[in-house]
Amino acid sequence: MSERMWSVRVETGESVQVLEVVEGTTLREALLDAGLSPYGVLTRKANCGGRGLCATCGVWLEQGPEPVHWHDRAAARYGYPRLSCQVRVEGPMAVRLITDKVMWGKLLPSL
Ligand code: FES
């Protein structure tokens with residue numbers, strides 16, 4: 001049986017890529033597999049590995065599924081970036097990466 005594939009449009013700020021992703025893959029995995037990172041410079045190595053604990057993998061979801069994970073529901077409700085590790089690709093999606101993120105979607109305050 002062949003795997004179902006979905007298109008995920010990813011805007012990085014400078015360019016747009018369209019990924020073909022196997023249904024059921026988490027958005028985090030799909031991004032990392034394509035060489036794209038949902039993380040900021042500090043959290044690229046120090047994160048929870050996709051367990052929904054660190055809240056550092058947020059992306060803007062322009063099109064995608066409703067949230068299921070409690071933290072992702074809170075993000076969607078209050079307008080924060082959605083946790084890419086808690087979003088499964090189950091249809092066509094559109095995502096915008098936060099390219100200037102340092103940690104949780106915010107820049108460090110200027111000194
Ligand atoms: S990788 Fe930690 S919450 Fe997503």
# chains A, B, ... in the order shown; residues from 1 in each chain; ligands from 1
$ select_by_dssp --residues "chain A" --states "strand (DSSP E)" --output "list in words"
Met5, Trp6, Ser7, Val8, Arg9, Val10, Glu11, Val16, Gln17, Val18, Leu19, Glu20, Val21, Val22, Gly58, Val59, Trp60, Leu61, Glu62, Gln63, Arg82, Leu83, Met93, Ala94, Val95 and Arg96 of chain A
$ residues_around --residues "Met93 in chain A" --least-positions-apart "4" --cutoff "7 Å" --atoms "only C-alpha atoms" --output "compact mmCIF listing (two decimals) with C-alpha atoms, in the first residue's frame"
# COMPACT_ATOMS: atom_id res chain seq x y z
CA SER A 7 2.00 19.32 0.10
CA VAL A 8 3.34 21.61 2.79
CA ARG A 9 4.13 25.15 1.67
CA GLN A 63 -3.21 26.49 6.93
CA GLY A 64 -3.38 23.25 8.84
$ residues_near_ligand --ligand "ligand 1" --cutoff "10 Å" --atoms "only C-alpha atoms and all ligand atoms" --output "list in words"
Leu27, Arg28, Glu29, Pro38, Tyr39, Thr43, Arg44, Ala46, Asn47, Cys48, Gly49, Gly50, Arg51, Gly52, Leu53, Cys54, Ala55, Thr56, Cys57, Gly58, His71, Asp72, Arg82, Leu83, Ser84, Cys85, Gln86, Val87 and Trp104 of chain A
$ atom_distance --atom1 "CA of Leu32 in chain A" --atom2 "CA of Arg88 in chain A"
13.9 Å
$ closest_residue --among "A:Pro81, A:Ala34, A:Ala74, A:Trp60" --to "Gly13 in chain A" --atoms "only C-alpha atoms"
A:Trp60
$ atom_distance --atom1 "CA of Arg96 in chain A" --atom2 "CA of Val16 in chain A"
9.0 Å
$ closest_residue --among "A:Arg73, A:Glu3, A:Leu36, A:Val59" --to "Leu19 in chain A" --atoms "only C-alpha atoms"
A:Leu36
$ atom_distance --atom1 "CA of Glu90 in chain A" --atom2 "CA of Gly24 in chain A"
6.0 Å
$ select_by_dssp --residues "chain A" --states "helix (DSSP H, G or I)" --output "list in words"
Leu27, Arg28, Glu29, Ala30, Leu31, Leu32, Asp33, Trp70, His71, Asp72, Arg73, Ala74, Ala75, Ala76, Arg77, Tyr78, Ser84, Cys85 and Gln86 of chain A
$ write_last_selection --atoms "N, CA and C atoms" --output "mmCIF file, in the first residue's frame"
data_model
loop_
_atom_site.group_PDB
_atom_site.id
_atom_site.type_symbol
_atom_site.label_atom_id
_atom_site.label_comp_id
_atom_site.auth_asym_id
_atom_site.auth_seq_id
_atom_site.Cartn_x
_atom_site.Cartn_y
_atom_site.Cartn_z
ATOM 1 N N LEU A 27 5.035 17.957 11.720
ATOM 2 C CA LEU A 27 5.556 19.095 10.958
ATOM 3 C C LEU A 27 7.022 19.328 11.297
ATOM 4 N N ARG A 28 7.383 19.150 12.567
ATOM 5 C CA ARG A 28 8.785 19.310 12.992
ATOM 6 C C ARG A 28 9.687 18.363 12.209
ATOM 7 N N GLU A 29 9.305 17.096 12.139
ATOM 8 C CA GLU A 29 10.107 16.104 11.413
ATOM 9 C C GLU A 29 10.226 16.477 9.935
ATOM 10 N N ALA A 30 9.103 16.890 9.362
ATOM 11 C CA ALA A 30 9.102 17.237 7.935
ATOM 12 C C ALA A 30 10.050 18.408 7.668
ATOM 13 N N LEU A 31 10.014 19.400 8.540
ATOM 14 C CA LEU A 31 10.891 20.562 8.358
ATOM 15 C C LEU A 31 12.354 20.156 8.498
ATOM 16 N N LEU A 32 12.663 19.424 9.551
ATOM 17 C CA LEU A 32 14.056 19.020 9.782
ATOM 18 C C LEU A 32 14.561 18.128 8.654
ATOM 19 N N ASP A 33 13.712 17.217 8.173
ATOM 20 C CA ASP A 33 14.109 16.333 7.063
ATOM 21 C C ASP A 33 14.442 17.129 5.799
ATOM 22 N N TRP A 70 -2.440 20.316 24.454
ATOM 23 C CA TRP A 70 -2.926 21.437 25.274
ATOM 24 C C TRP A 70 -2.139 22.715 25.020
ATOM 25 N N HIS A 71 -0.809 22.589 24.870
ATOM 26 C CA HIS A 71 0.009 23.781 24.682
ATOM 27 C C HIS A 71 -0.229 24.370 23.291
ATOM 28 N N ASP A 72 -0.416 23.472 22.332
ATOM 29 C CA ASP A 72 -0.682 23.930 20.970
ATOM 30 C C ASP A 72 -2.063 24.590 20.891
ATOM 31 N N ARG A 73 -3.029 24.072 21.648
ATOM 32 C CA ARG A 73 -4.361 24.714 21.707
ATOM 33 C C ARG A 73 -4.248 26.113 22.289
ATOM 34 N N ALA A 74 -3.444 26.240 23.347
ATOM 35 C CA ALA A 74 -3.251 27.556 23.964
ATOM 36 C C ALA A 74 -2.586 28.508 22.977
ATOM 37 N N ALA A 75 -1.601 28.006 22.234
ATOM 38 C CA ALA A 75 -0.913 28.836 21.243
ATOM 39 C C ALA A 75 -1.897 29.335 20.197
ATOM 40 N N ALA A 76 -2.726 28.427 19.680
ATOM 41 C CA ALA A 76 -3.698 28.808 18.651
ATOM 42 C C ALA A 76 -4.707 29.803 19.223
ATOM 43 N N ARG A 77 -5.145 29.572 20.448
ATOM 44 C CA ARG A 77 -6.161 30.428 21.039
ATOM 45 C C ARG A 77 -5.649 31.839 21.309
ATOM 46 N N TYR A 78 -4.406 31.937 21.793
ATOM 47 C CA TYR A 78 -3.882 33.248 22.174
ATOM 48 C C TYR A 78 -2.979 33.881 21.118
ATOM 49 N N SER A 84 5.376 22.959 16.226
ATOM 50 C CA SER A 84 5.485 22.107 15.033
ATOM 51 C C SER A 84 5.617 20.626 15.388
ATOM 52 N N CYS A 85 6.080 20.317 16.588
ATOM 53 C CA CYS A 85 6.210 18.905 16.978
ATOM 54 C C CYS A 85 4.864 18.292 17.348
ATOM 55 N N GLN A 86 3.847 19.118 17.521
ATOM 56 C CA GLN A 86 2.538 18.615 17.922
ATOM 57 C C GLN A 86 1.507 18.742 16.809
#
$ decode --residues "range 12-36 of chain A" --atoms "N, CA and C atoms" --output "JSON list (two decimals), in the first residue's frame"
[["chain", "number", "residue", "atom", "x", "y", "z"],
["A", 12, "THR", "N", 10.03, 30.88, 4.27],
["A", 12, "THR", "CA", 11.15, 31.08, 5.20],
["A", 12, "THR", "C", 11.50, 32.56, 5.38],
["A", 13, "GLY", "N", 10.79, 33.43, 4.74],
["A", 13, "GLY", "CA", 11.13, 34.84, 4.80],
["A", 13, "GLY", "C", 11.77, 35.27, 3.51],
["A", 14, "GLU", "N", 12.71, 34.46, 3.01],
["A", 14, "GLU", "CA", 13.40, 34.79, 1.77],
["A", 14, "GLU", "C", 12.86, 33.98, 0.60],
["A", 15, "SER", "N", 12.33, 32.83, 0.91],
["A", 15, "SER", "CA", 11.89, 31.96, -0.17],
["A", 15, "SER", "C", 10.70, 31.12, 0.26],
["A", 16, "VAL", "N", 10.14, 30.44, -0.70],
["A", 16, "VAL", "CA", 9.03, 29.53, -0.44],
["A", 16, "VAL", "C", 9.42, 28.17, -1.00],
["A", 17, "GLN", "N", 9.22, 27.14, -0.19],
["A", 17, "GLN", "CA", 9.47, 25.78, -0.65],
["A", 17, "GLN", "C", 8.19, 24.98, -0.47],
["A", 18, "VAL", "N", 7.98, 24.04, -1.33],
["A", 18, "VAL", "CA", 6.85, 23.14, -1.17],
["A", 18, "VAL", "C", 7.40, 21.75, -0.93],
["A", 19, "LEU", "N", 7.10, 21.20, 0.25],
["A", 19, "LEU", "CA", 7.57, 19.88, 0.62],
["A", 19, "LEU", "C", 6.47, 18.87, 0.34],
["A", 20, "GLU", "N", 6.84, 17.69, -0.07],
["A", 20, "GLU", "CA", 5.90, 16.58, -0.20],
["A", 20, "GLU", "C", 6.13, 15.69, 1.01],
["A", 21, "VAL", "N", 5.13, 15.58, 1.87],
["A", 21, "VAL", "CA", 5.31, 14.96, 3.18],
["A", 21, "VAL", "C", 4.36, 13.76, 3.33],
["A", 22, "VAL", "N", 4.89, 12.68, 3.88],
["A", 22, "VAL", "CA", 4.08, 11.48, 4.14],
["A", 22, "VAL", "C", 3.06, 11.80, 5.23],
["A", 23, "GLU", "N", 1.82, 11.41, 4.98],
["A", 23, "GLU", "CA", 0.75, 11.64, 5.94],
["A", 23, "GLU", "C", 1.12, 11.06, 7.31],
["A", 24, "GLY", "N", 0.86, 11.84, 8.35],
["A", 24, "GLY", "CA", 1.14, 11.38, 9.71],
["A", 24, "GLY", "C", 2.45, 11.86, 10.27],
["A", 25, "THR", "N", 3.32, 12.38, 9.40],
["A", 25, "THR", "CA", 4.60, 12.92, 9.85],
["A", 25, "THR", "C", 4.33, 14.18, 10.66],
["A", 26, "THR", "N", 5.12, 14.40, 11.72],
["A", 26, "THR", "CA", 4.94, 15.68, 12.41],
["A", 26, "THR", "C", 5.56, 16.78, 11.55],
["A", 27, "LEU", "N", 5.04, 17.96, 11.72],
["A", 27, "LEU", "CA", 5.56, 19.09, 10.96],
["A", 27, "LEU", "C", 7.02, 19.33, 11.30],
["A", 28, "ARG", "N", 7.38, 19.15, 12.57],
["A", 28, "ARG", "CA", 8.78, 19.31, 12.99],
["A", 28, "ARG", "C", 9.69, 18.36, 12.21],
["A", 29, "GLU", "N", 9.30, 17.10, 12.14],
["A", 29, "GLU", "CA", 10.11, 16.10, 11.41],
["A", 29, "GLU", "C", 10.23, 16.48, 9.93],
["A", 30, "ALA", "N", 9.10, 16.89, 9.36],
["A", 30, "ALA", "CA", 9.10, 17.24, 7.93],
["A", 30, "ALA", "C", 10.05, 18.41, 7.67],
["A", 31, "LEU", "N", 10.01, 19.40, 8.54],
["A", 31, "LEU", "CA", 10.89, 20.56, 8.36],
["A", 31, "LEU", "C", 12.35, 20.16, 8.50],
["A", 32, "LEU", "N", 12.66, 19.42, 9.55],
["A", 32, "LEU", "CA", 14.06, 19.02, 9.78],
["A", 32, "LEU", "C", 14.56, 18.13, 8.65],
["A", 33, "ASP", "N", 13.71, 17.22, 8.17],
["A", 33, "ASP", "CA", 14.11, 16.33, 7.06],
["A", 33, "ASP", "C", 14.44, 17.13, 5.80],
["A", 34, "ALA", "N", 13.79, 18.29, 5.65],
["A", 34, "ALA", "CA", 14.02, 19.12, 4.47],
["A", 34, "ALA", "C", 15.14, 20.12, 4.69],
["A", 35, "GLY", "N", 15.80, 20.05, 5.85],
["A", 35, "GLY", "CA", 16.89, 20.97, 6.13],
["A", 35, "GLY", "C", 16.42, 22.32, 6.60],
["A", 36, "LEU", "N", 15.16, 22.39, 7.02],
["A", 36, "LEU", "CA", 14.60, 23.64, 7.54],
["A", 36, "LEU", "C", 14.44, 23.47, 9.05]]
